[in-house]
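Here's the structure we're looking at; comments come further down.
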Amino acid sequence: MPIKAVVFDAYGTLYDIQSVADVTEDAFPGYGAIITQVWRIKQLEYTWLRSLMQAYQDFDAVTRDSLAYTLRVLGLAYESEAFERVIEKYLHLDLYPDAAETLAALRPRKLAILSNGSPDMLHALVRNSGLDALLDATISVDAKKVFKPSPQAYELIGEVLGTAPDEVLFVSSNPWDAAGAKSFGLKVAWIERVTPEAMALACVENELVAPLTMFKAIRTQMDELGFEPDHRVRALSELPGIA
């Protein structure tokens, strides 16, 4: 079947989640790197735990709870102003440099985001980055009250865009998301921004593993879940050649 729609994950795929590092370092000098990585790890973990517990709270609450956890375990006291300044960055994450140009090149296919983000967070982020002019839909899992990689979350693509699973190319840099989308029956392109060779070399060359290196080891390599993507690319800019 021809590809009628290309649907993107948001966080880590179109938007660089590591771009929160400057504001975390500014708010908590000397702790920016560890805050950034523990925060993201717990943020994802809380989405999966809440889905399994059937105790849904939206991504705004999850993001706040995971930051509060991170600051507590690091023993960092904070004022509400500093906390809110860090949280605010999630509405202004940096786009990957090739994101806007890639979306424009994928026309006339339908273009959308499917994200764990709450509607308010996503719409603000898309508007602030200018992608609202390129997207046909910004879809939040909040409509199903369950997070990816639940199959119910991926069902939203067909419900909103009117497409069958094999008419959709789903794009994510998150291996767990790519596996979830493939399990659901979507065609999948995984953005492999960190190769296994680079990952192994980073671990070998350093006596102490830096927080970012640990994050990459845990969250950037393809998971052993029995589902492989249809395409592996190194950057968003490669997508027009396969869609």
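By convention in this document, the chains of the structure tokens carry letters A, B, ... by their order, each chain's residues are numbered from 1, and ligands are numbered from 1 in the order they are shown.
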Could you list, as an MDAnalysis selection string, every residue within 6 Å of region 161-177 of chain A, counting only C-alpha atoms and ignoring same-chain residues fewer than 2 positions away?
chainID A and resid 1:9 13 149 157:159 179:180 185:191 222
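Once Gly75 (chain A) and its same-chain neighbours fewer than 4 positions away are set aside, Phe28, Tyr31, Ile35, Ala68, Tyr69, Thr70 and Leu71 of chain A remain within 12 Å of it when counting only C-alpha atoms.
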Store the residues picked out above in a file with all heavy atoms, as a compact mmCIF listing (two decimals), in the first residue's frame.
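Just written: result_34.txt:
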# COMPACT_ATOMS: atom_id res chain seq x y z
N PHE A 28 20.24 24.86 38.49
CA PHE A 28 20.93 24.06 39.50
C PHE A 28 22.38 23.84 39.07
O PHE A 28 22.73 22.77 38.55
CB PHE A 28 20.22 22.71 39.69
CG PHE A 28 18.78 22.85 40.12
CD1 PHE A 28 17.76 22.80 39.17
CD2 PHE A 28 18.45 23.04 41.45
CE1 PHE A 28 16.44 22.95 39.55
CE2 PHE A 28 17.13 23.18 41.84
CZ PHE A 28 16.12 23.14 40.88
N TYR A 31 24.63 20.52 38.44
CA TYR A 31 23.75 19.35 38.43
C TYR A 31 22.96 19.21 37.13
O TYR A 31 22.13 18.31 37.00
CB TYR A 31 22.75 19.43 39.59
CG TYR A 31 23.36 19.21 40.95
CD1 TYR A 31 23.90 20.26 41.67
CD2 TYR A 31 23.39 17.93 41.51
CE1 TYR A 31 24.46 20.06 42.92
CE2 TYR A 31 23.95 17.72 42.76
CZ TYR A 31 24.48 18.79 43.46
OH TYR A 31 25.03 18.58 44.71
N ILE A 35 20.51 15.94 36.28
CA ILE A 35 19.07 16.24 36.32
C ILE A 35 18.42 15.91 34.98
O ILE A 35 17.38 15.23 34.93
CB ILE A 35 18.82 17.72 36.67
CG1 ILE A 35 19.19 18.01 38.11
CG2 ILE A 35 17.35 18.09 36.41
CD1 ILE A 35 19.16 19.48 38.47
N ALA A 68 10.21 16.45 40.13
CA ALA A 68 10.22 16.51 41.59
C ALA A 68 10.98 15.33 42.19
O ALA A 68 11.76 15.49 43.14
CB ALA A 68 8.78 16.54 42.12
N TYR A 69 10.77 14.13 41.63
CA TYR A 69 11.51 12.95 42.07
C TYR A 69 13.01 13.18 41.90
O TYR A 69 13.81 12.92 42.82
CB TYR A 69 11.07 11.73 41.25
CG TYR A 69 11.96 10.52 41.42
CD1 TYR A 69 11.66 9.54 42.35
CD2 TYR A 69 13.13 10.37 40.66
CE1 TYR A 69 12.49 8.43 42.52
CE2 TYR A 69 13.96 9.28 40.82
CZ TYR A 69 13.64 8.32 41.75
OH TYR A 69 14.47 7.23 41.92
N THR A 70 13.41 13.65 40.72
CA THR A 70 14.82 13.83 40.42
C THR A 70 15.49 14.79 41.39
O THR A 70 16.57 14.50 41.93
CB THR A 70 14.99 14.34 38.98
OG1 THR A 70 14.41 13.40 38.07
CG2 THR A 70 16.44 14.56 38.63
N LEU A 71 14.86 15.91 41.64
CA LEU A 71 15.44 16.90 42.55
C LEU A 71 15.51 16.37 43.97
O LEU A 71 16.47 16.64 44.71
CB LEU A 71 14.63 18.19 42.49
CG LEU A 71 14.60 18.89 41.12
CD1 LEU A 71 13.71 20.12 41.17
CD2 LEU A 71 16.00 19.25 40.64
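On the backbone of this structure, DSSP gives strand (DSSP E or B) within region 20-227 of chain A to Asp94, Leu95, Lys110, Leu111, Ala112, Ile113, Leu114, Ser115, Ala137, Thr138, Ile139, Ser140, Val168, Leu169, Phe170, Val171, Ser172, Lys187, Val188, Ala189, Trp190 and Ile191 of chain A.
For the residues A:Lys42, A:Lys89, A:Lys182, A:Lys110, ranking by smallest atom-to-atom distance to Ala124 (chain A) using only C-alpha atoms places A:Lys89 first.
Comparing the minimum interatomic distances between Leu67 (chain A) and each of A:Thr36, A:Gln54, A:Ser80, A:Gln18, counting only C-alpha atoms, we find that A:Thr36 sits nearest.
A straight line drawn from CA of Thr138 (chain A) to CA of His123 (chain A) is 7.2 Å long.
Among the candidates A:Ala181, A:Ala100, A:Val73, A:Ile139, the residue lying nearest to Pro151 (chain A) is A:Ala181 (atoms considered: only C-alpha atoms).
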Write out as an MDAnalysis selection string which residues come within 8 Å of Leu135 (chain A) when counting only C-alpha atoms, dropping same-chain ones fewer than 6 positions away.
chainID A and resid 110:113
Tell me which protein, DNA and RNA residues are within 9 Å of Leu131 (chain A), counting only C-alpha atoms, leaving out same-chain ones fewer than 5 positions away, and put them as a list in words.
Ala99, Ala100, Leu103, Leu125 and Val126 of chain A
Could the residues in this selection be written to a file with N, CA and C atoms, as an mmCIF file, in the first residue's frame?
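Final output, saved to again.cif:
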data_model
loop_
_atom_site.group_PDB
_atom_site.id
_atom_site.type_symbol
_atom_site.label_atom_id
_atom_site.label_comp_id
_atom_site.auth_asym_id
_atom_site.auth_seq_id
_atom_site.Cartn_x
_atom_site.Cartn_y
_atom_site.Cartn_z
ATOM 1 N N ALA A 99 14.213 19.131 10.850
ATOM 2 C CA ALA A 99 12.803 18.763 11.057
ATOM 3 C C ALA A 99 11.863 19.491 10.099
ATOM 4 N N ALA A 100 11.888 20.806 10.094
ATOM 5 C CA ALA A 100 10.932 21.568 9.290
ATOM 6 C C ALA A 100 11.110 21.295 7.798
ATOM 7 N N LEU A 103 9.643 17.820 6.919
ATOM 8 C CA LEU A 103 8.182 17.800 6.853
ATOM 9 C C LEU A 103 7.683 18.438 5.566
ATOM 10 N N LEU A 125 4.012 23.715 22.165
ATOM 11 C CA LEU A 125 5.312 23.373 21.595
ATOM 12 C C LEU A 125 5.291 23.502 20.071
ATOM 13 N N VAL A 126 4.264 22.952 19.450
ATOM 14 C CA VAL A 126 4.150 23.006 17.989
ATOM 15 C C VAL A 126 4.018 24.452 17.511
#
